[in-house]
Amino acid sequence: GAVVSQHPSWVICKSGTSVKIECRSLDFQATTMFWYRQFPKQSLMLMATSNEGSKATYEQGVEKDKFLINHASLTLSTLTVTSAHPEDSSFYICSANPGTGNNYGYTFGSGTRLTVV
Amino acid sequence: GENVEQHPSTLSVQEGDSAVIKCTYSDSASNYFPWYKQELGKRPQLIIDIRSNVGEKKDQRIAVTLNKTAKHFSLHITETQPEDSAVYFCAASASGGSYIPTFGRGTSLIVHP
């Protein structure tokens, strides 16, 4: 089945530093990947849609200069949290749809627990 | 845009009982409705889905029903087991565009042994 790999699974960083999270589709090509943020006991909130070879599309209220997204290949999207602050601490999850052009269930990465101290 | 409401937020049942989680959606163009199970600290896993041309789908102890007219769909788990304890999310998406699903707020299911 379709597998999405996400790294790192957890990271602790100091305030003011930047953190990069990688999302890879292992057995399929993904022209589009999605980045979600999830606070404890809350739902998945879509942050942005990552488009291979073009700019990401950000949801309203998400700072594009703070959450940099790069989708350089058909199997890799990265999310960089720049100048991280404690309020950025959260669970970040990427996903992709292995059924390009069709409506299929999305496959999620394993998530990254970010803690900013 | 699409709005998905999910109820209840918490559901506590005894092992062996049935559990039902209900969702409503607003966009009549939505035609795909997946359900995800998320265990603590782990990724959401697709457990069952249904498309708008089907009214009901079953997979062992799990079933989903869809009422297009009323714009609601439900997840039914029979003979619940402690390992069914998790957060369940419903979602709705539409053909065309990028098929981005809109998620419900989640239901925390607790199955007591």
# chains A, B, ... in the order shown; residues from 1 in each chain; ligands from 1
>>> interface_residues(of="chain B", to="chain A", cutoff="12 Å", atoms="only C-alpha atoms", output="VMD selection string")
chain B and resid 4 to 6 9 to 10 30 to 52 86 to 108
>>> residues_around(residues="Gln14 (chain B)", least_positions_apart="2", cutoff="9 Å", atoms="only C-alpha atoms", output="list in words")
Ser12, Gly16, Asp17, Ser18, Thr80, Gln81, Pro82, Ile110, Val111, His112 and Pro113 of chain B
>>> write_last_selection(atoms="C-alpha atoms", output="tab-separated table (two decimals), in the first residue's frame")
chain	number	residue	atom	x	y	z
B	12	SER	CA	-17.56	5.76	26.45
B	16	GLY	CA	-18.98	-5.75	23.49
B	17	ASP	CA	-21.34	-2.81	23.09
B	18	SER	CA	-21.86	-0.94	19.83
B	80	THR	CA	-16.32	-3.10	20.56
B	81	GLN	CA	-12.96	-4.14	21.99
B	82	PRO	CA	-10.49	-2.21	24.17
B	110	ILE	CA	-13.14	4.75	25.14
B	111	VAL	CA	-13.96	1.05	25.40
B	112	HIS	CA	-13.95	-0.20	28.96
B	113	PRO	CA	-12.99	-3.86	29.46
>>> residues_around(residues="Ala70 (chain B)", least_positions_apart="6", cutoff="10 Å", atoms="only C-alpha atoms", output="count of residues only")
4
>>> select_by_dssp(residues="chain B", states="strand (DSSP E)", output="PyMOL selection string")
chain B and resi 4-7+10-14+19-25+30-38+45-51+56-59+62-67+72-77+86-94+102-103+107-112
>>> residues_around(residues="region 11-17 of chain A", least_positions_apart="4", cutoff="12 Å", atoms="only C-alpha atoms", output="PyMOL selection string")
chain A and resi 7+21+66+80-92+111-117
>>> write_last_selection(atoms="N, CA and C atoms", output="compact mmCIF listing (two decimals), in the first residue's frame")
# COMPACT_ATOMS: atom_id res chain seq x y z
N HIS A 7 9.96 12.58 8.74
CA HIS A 7 11.08 12.67 9.68
C HIS A 7 11.38 14.12 10.03
N ILE A 21 11.20 19.69 8.62
CA ILE A 21 10.50 18.40 8.67
C ILE A 21 10.35 17.89 7.24
N LYS A 66 6.79 32.11 7.91
CA LYS A 66 7.19 31.38 9.10
C LYS A 66 7.23 29.87 8.82
N THR A 80 9.62 23.90 6.88
CA THR A 80 10.60 24.50 7.78
C THR A 80 9.90 25.52 8.66
N VAL A 81 9.97 25.27 9.95
CA VAL A 81 9.42 26.24 10.91
C VAL A 81 10.55 27.19 11.25
N THR A 82 10.45 28.42 10.82
CA THR A 82 11.53 29.38 11.02
C THR A 82 11.33 30.18 12.31
N SER A 83 12.44 30.51 12.93
CA SER A 83 12.41 31.30 14.16
C SER A 83 11.32 30.77 15.10
N ALA A 84 11.47 29.52 15.45
CA ALA A 84 10.43 28.85 16.23
C ALA A 84 10.26 29.47 17.61
N HIS A 85 9.02 29.48 18.07
CA HIS A 85 8.68 29.95 19.40
C HIS A 85 7.85 28.89 20.11
N PRO A 86 7.77 28.97 21.44
CA PRO A 86 7.01 27.94 22.17
C PRO A 86 5.60 27.71 21.65
N GLU A 87 4.96 28.74 21.15
CA GLU A 87 3.58 28.57 20.64
C GLU A 87 3.54 27.76 19.35
N ASP A 88 4.70 27.53 18.75
CA ASP A 88 4.76 26.68 17.55
C ASP A 88 4.81 25.19 17.92
N SER A 89 4.97 24.92 19.20
CA SER A 89 5.01 23.53 19.64
C SER A 89 3.69 22.85 19.29
N SER A 90 3.79 21.74 18.59
CA SER A 90 2.58 21.07 18.12
C SER A 90 2.97 19.75 17.45
N PHE A 91 1.96 19.05 16.98
CA PHE A 91 2.15 17.82 16.20
C PHE A 91 1.89 18.18 14.75
N TYR A 92 2.91 18.02 13.91
CA TYR A 92 2.79 18.35 12.49
C TYR A 92 2.73 17.05 11.70
N GLY A 111 3.97 11.77 11.51
CA GLY A 111 3.87 12.95 12.34
C GLY A 111 5.19 13.33 12.98
N THR A 112 5.31 14.60 13.31
CA THR A 112 6.49 15.14 14.00
C THR A 112 6.03 15.94 15.20
N ARG A 113 6.49 15.51 16.36
CA ARG A 113 6.18 16.25 17.59
C ARG A 113 7.25 17.31 17.79
N LEU A 114 6.89 18.56 17.62
CA LEU A 114 7.83 19.66 17.80
C LEU A 114 7.61 20.31 19.15
N THR A 115 8.70 20.42 19.90
CA THR A 115 8.68 21.12 21.19
C THR A 115 9.72 22.23 21.13
N VAL A 116 9.26 23.45 21.34
CA VAL A 116 10.16 24.60 21.32
C VAL A 116 10.34 25.08 22.75
N VAL A 117 11.58 25.12 23.19
CA VAL A 117 11.84 25.50 24.59
C VAL A 117 12.56 26.84 24.67
>>> residues_around(residues="region 24-27 of chain A", least_positions_apart="2", cutoff="6 Å", atoms="only C-alpha atoms", output="short mmCIF file (atom, residue, chain, number, x, y, z; two decimals) with C-alpha atoms, in the first residue's frame")
data_model
loop_
_atom_site.label_atom_id
_atom_site.label_comp_id
_atom_site.auth_asym_id
_atom_site.auth_seq_id
_atom_site.Cartn_x
_atom_site.Cartn_y
_atom_site.Cartn_z
CA VAL A 3 3.39 4.77 2.37
CA VAL A 4 4.27 8.26 3.46
CA SER A 5 7.42 8.65 5.55
CA THR A 75 8.39 12.36 -3.66
CA LEU A 76 9.60 14.97 -1.19
#
>>> closest_residue(among="A:Leu74, A:Val62, A:Leu79, A:Ala2", to="Trp35 (chain A)", atoms="only C-alpha atoms")
A:Leu79
>>> residues_around(residues="region 64-67 of chain B", least_positions_apart="2", cutoff="8 Å", atoms="only C-alpha atoms", output="ChimeraX atom specification")
/B:48-50,52,54-58,62,69-76
>>> write_last_selection(atoms="C-alpha atoms", output="short mmCIF file (atom, residue, chain, number, x, y, z; two decimals), in the first residue's frame")
data_model
loop_
_atom_site.label_atom_id
_atom_site.label_comp_id
_atom_site.auth_asym_id
_atom_site.auth_seq_id
_atom_site.Cartn_x
_atom_site.Cartn_y
_atom_site.Cartn_z
CA ILE B 48 -13.28 2.70 6.02
CA ASP B 49 -14.67 5.03 3.40
CA ILE B 50 -17.85 5.48 1.41
CA SER B 52 -21.89 9.09 -2.59
CA VAL B 54 -23.42 3.96 -2.04
CA GLY B 55 -25.69 4.09 1.00
CA GLU B 56 -23.88 1.64 3.23
CA LYS B 57 -20.58 -0.18 3.42
CA LYS B 58 -19.43 -2.80 5.87
CA ILE B 62 -17.14 -1.60 11.10
CA THR B 69 -30.41 13.91 1.24
CA ALA B 70 -29.83 14.77 4.87
CA LYS B 71 -26.10 15.25 4.35
CA HIS B 72 -25.05 13.01 7.16
CA PHE B 73 -22.98 9.88 7.52
CA SER B 74 -22.24 7.63 10.45
CA LEU B 75 -19.66 5.15 11.65
CA HIS B 76 -20.90 2.04 13.41
#
>>> closest_residue(among="A:Tyr58, A:Asn51, A:Ser18, A:Pro98", to="Tyr36 (chain A)", atoms="only C-alpha atoms")
A:Tyr58
>>> closest_residue(among="B:Gln60, B:Asn53, B:Asn3, B:Ser85", to="Cys23 (chain B)", atoms="only C-alpha atoms")
B:Asn3
>>> atom_distance(atom1="CA of Ala56 (chain A)", atom2="CA of Trp10 (chain A)")
23.8 Å
>>> atom_distance(atom1="CA of Gly53 (chain A)", atom2="CA of Leu68 (chain A)")
14.2 Å
>>> decode(residues="region 60-106 of chain A", atoms="N, CA and C atoms", output="JSON list (two decimals), in the first residue's frame")
[["chain", "number", "residue", "atom", "x", "y", "z"],
["A", 60, "GLN", "N", -5.80, 30.34, 5.21],
["A", 60, "GLN", "CA", -5.93, 31.66, 5.85],
["A", 60, "GLN", "C", -5.42, 31.59, 7.29],
["A", 61, "GLY", "N", -4.63, 32.58, 7.64],
["A", 61, "GLY", "CA", -4.10, 32.66, 9.00],
["A", 61, "GLY", "C", -2.76, 31.98, 9.20],
["A", 62, "VAL", "N", -2.28, 31.27, 8.20],
["A", 62, "VAL", "CA", -0.98, 30.61, 8.31],
["A", 62, "VAL", "C", 0.09, 31.50, 7.67],
["A", 63, "GLU", "N", 1.13, 31.81, 8.44],
["A", 63, "GLU", "CA", 2.17, 32.71, 7.95],
["A", 63, "GLU", "C", 3.13, 31.97, 7.02],
["A", 64, "LYS", "N", 3.12, 32.34, 5.77],
["A", 64, "LYS", "CA", 3.96, 31.63, 4.80],
["A", 64, "LYS", "C", 5.44, 31.89, 5.02],
["A", 65, "ASP", "N", 5.78, 33.04, 5.62],
["A", 65, "ASP", "CA", 7.19, 33.31, 5.87],
["A", 65, "ASP", "C", 7.70, 32.57, 7.09],
["A", 66, "LYS", "N", 6.79, 32.11, 7.91],
["A", 66, "LYS", "CA", 7.19, 31.38, 9.10],
["A", 66, "LYS", "C", 7.23, 29.87, 8.82],
["A", 67, "PHE", "N", 6.31, 29.42, 8.03],
["A", 67, "PHE", "CA", 6.23, 28.00, 7.70],
["A", 67, "PHE", "C", 6.57, 27.85, 6.20],
["A", 68, "LEU", "N", 7.86, 27.66, 5.96],
["A", 68, "LEU", "CA", 8.34, 27.57, 4.59],
["A", 68, "LEU", "C", 8.17, 26.15, 4.06],
["A", 69, "ILE", "N", 7.57, 26.06, 2.89],
["A", 69, "ILE", "CA", 7.33, 24.76, 2.28],
["A", 69, "ILE", "C", 8.04, 24.69, 0.94],
["A", 70, "ASN", "N", 8.74, 23.57, 0.76],
["A", 70, "ASN", "CA", 9.44, 23.32, -0.50],
["A", 70, "ASN", "C", 9.07, 21.95, -1.00],
["A", 71, "HIS", "N", 8.68, 21.85, -2.24],
["A", 71, "HIS", "CA", 8.28, 20.57, -2.84],
["A", 71, "HIS", "C", 9.12, 20.38, -4.10],
["A", 72, "ALA", "N", 10.37, 20.01, -3.87],
["A", 72, "ALA", "CA", 11.35, 20.01, -4.95],
["A", 72, "ALA", "C", 11.26, 18.81, -5.88],
["A", 73, "SER", "N", 10.63, 17.73, -5.41],
["A", 73, "SER", "CA", 10.53, 16.56, -6.27],
["A", 73, "SER", "C", 9.17, 15.92, -6.09],
["A", 74, "LEU", "N", 8.89, 14.92, -6.88],
["A", 74, "LEU", "CA", 7.58, 14.27, -6.82],
["A", 74, "LEU", "C", 7.42, 13.38, -5.60],
["A", 75, "THR", "N", 8.48, 13.23, -4.82],
["A", 75, "THR", "CA", 8.39, 12.36, -3.66],
["A", 75, "THR", "C", 8.79, 13.03, -2.35],
["A", 76, "LEU", "N", 9.11, 14.31, -2.40],
["A", 76, "LEU", "CA", 9.60, 14.97, -1.19],
["A", 76, "LEU", "C", 9.02, 16.37, -1.04],
["A", 77, "SER", "N", 8.47, 16.61, 0.14],
["A", 77, "SER", "CA", 8.06, 17.96, 0.53],
["A", 77, "SER", "C", 8.66, 18.24, 1.89],
["A", 78, "THR", "N", 9.11, 19.46, 2.11],
["A", 78, "THR", "CA", 9.66, 19.83, 3.40],
["A", 78, "THR", "C", 8.93, 21.03, 3.97],
["A", 79, "LEU", "N", 8.80, 21.00, 5.29],
["A", 79, "LEU", "CA", 8.21, 22.12, 6.02],
["A", 79, "LEU", "C", 9.27, 22.63, 6.98],
["A", 80, "THR", "N", 9.62, 23.90, 6.88],
["A", 80, "THR", "CA", 10.60, 24.50, 7.78],
["A", 80, "THR", "C", 9.90, 25.52, 8.66],
["A", 81, "VAL", "N", 9.97, 25.27, 9.95],
["A", 81, "VAL", "CA", 9.42, 26.24, 10.91],
["A", 81, "VAL", "C", 10.55, 27.19, 11.25],
["A", 82, "THR", "N", 10.45, 28.42, 10.82],
["A", 82, "THR", "CA", 11.53, 29.38, 11.02],
["A", 82, "THR", "C", 11.33, 30.18, 12.31],
["A", 83, "SER", "N", 12.44, 30.51, 12.93],
["A", 83, "SER", "CA", 12.41, 31.30, 14.16],
["A", 83, "SER", "C", 11.32, 30.77, 15.10],
["A", 84, "ALA", "N", 11.47, 29.52, 15.45],
["A", 84, "ALA", "CA", 10.43, 28.85, 16.23],
["A", 84, "ALA", "C", 10.26, 29.47, 17.61],
["A", 85, "HIS", "N", 9.02, 29.48, 18.07],
["A", 85, "HIS", "CA", 8.68, 29.95, 19.40],
["A", 85, "HIS", "C", 7.85, 28.89, 20.11],
["A", 86, "PRO", "N", 7.77, 28.97, 21.44],
["A", 86, "PRO", "CA", 7.01, 27.94, 22.17],
["A", 86, "PRO", "C", 5.60, 27.71, 21.65],
["A", 87, "GLU", "N", 4.96, 28.74, 21.15],
["A", 87, "GLU", "CA", 3.58, 28.57, 20.64],
["A", 87, "GLU", "C", 3.54, 27.76, 19.35],
["A", 88, "ASP", "N", 4.70, 27.53, 18.75],
["A", 88, "ASP", "CA", 4.76, 26.68, 17.55],
["A", 88, "ASP", "C", 4.81, 25.19, 17.92],
["A", 89, "SER", "N", 4.97, 24.92, 19.20],
["A", 89, "SER", "CA", 5.01, 23.53, 19.64],
["A", 89, "SER", "C", 3.69, 22.85, 19.29],
["A", 90, "SER", "N", 3.79, 21.74, 18.59],
["A", 90, "SER", "CA", 2.58, 21.07, 18.12],
["A", 90, "SER", "C", 2.97, 19.75, 17.45],
["A", 91, "PHE", "N", 1.96, 19.05, 16.98],
["A", 91, "PHE", "CA", 2.15, 17.82, 16.20],
["A", 91, "PHE", "C", 1.89, 18.18, 14.75],
["A", 92, "TYR", "N", 2.91, 18.02, 13.91],
["A", 92, "TYR", "CA", 2.79, 18.35, 12.49],
["A", 92, "TYR", "C", 2.73, 17.05, 11.70],
["A", 93, "ILE", "N", 1.74, 16.95, 10.81],
["A", 93, "ILE", "CA", 1.55, 15.74, 10.01],
["A", 93, "ILE", "C", 1.40, 16.10, 8.54],
["A", 94, "CYS", "N", 2.06, 15.33, 7.71],
["A", 94, "CYS", "CA", 1.89, 15.53, 6.27],
["A", 94, "CYS", "C", 1.02, 14.40, 5.72],
["A", 95, "SER", "N", 0.47, 14.63, 4.56],
["A", 95, "SER", "CA", -0.31, 13.58, 3.91],
["A", 95, "SER", "C", -0.24, 13.74, 2.41],
["A", 96, "ALA", "N", -0.58, 12.67, 1.72],
["A", 96, "ALA", "CA", -0.61, 12.70, 0.27],
["A", 96, "ALA", "C", -1.69, 11.76, -0.22],
["A", 97, "ASN", "N", -2.18, 12.01, -1.41],
["A", 97, "ASN", "CA", -3.20, 11.18, -2.02],
["A", 97, "ASN", "C", -2.56, 10.32, -3.10],
["A", 98, "PRO", "N", -2.46, 9.01, -2.86],
["A", 98, "PRO", "CA", -1.81, 8.15, -3.86],
["A", 98, "PRO", "C", -2.61, 7.99, -5.13],
["A", 99, "GLY", "N", -3.88, 8.36, -5.11],
["A", 99, "GLY", "CA", -4.72, 8.24, -6.30],
["A", 99, "GLY", "C", -4.78, 9.54, -7.04],
["A", 100, "THR", "N", -3.74, 9.87, -7.75],
["A", 100, "THR", "CA", -3.67, 11.16, -8.44],
["A", 100, "THR", "C", -4.86, 11.34, -9.38],
["A", 101, "GLY", "N", -5.51, 12.47, -9.24],
["A", 101, "GLY", "CA", -6.63, 12.77, -10.11],
["A", 101, "GLY", "C", -7.92, 12.12, -9.70],
["A", 102, "ASN", "N", -7.90, 11.37, -8.62],
["A", 102, "ASN", "CA", -9.11, 10.72, -8.15],
["A", 102, "ASN", "C", -9.32, 11.00, -6.68],
["A", 103, "ASN", "N", -10.46, 10.62, -6.21],
["A", 103, "ASN", "CA", -10.82, 10.88, -4.83],
["A", 103, "ASN", "C", -10.56, 9.63, -4.01],
["A", 104, "TYR", "N", -9.43, 9.55, -3.41],
["A", 104, "TYR", "CA", -9.07, 8.40, -2.59],
["A", 104, "TYR", "C", -8.71, 8.86, -1.20],
["A", 105, "GLY", "N", -8.63, 7.89, -0.29],
["A", 105, "GLY", "CA", -8.23, 8.20, 1.06],
["A", 105, "GLY", "C", -6.80, 8.68, 1.11],
["A", 106, "TYR", "N", -6.58, 9.68, 1.89],
["A", 106, "TYR", "CA", -5.25, 10.22, 2.03],
["A", 106, "TYR", "C", -4.42, 9.36, 2.97]]
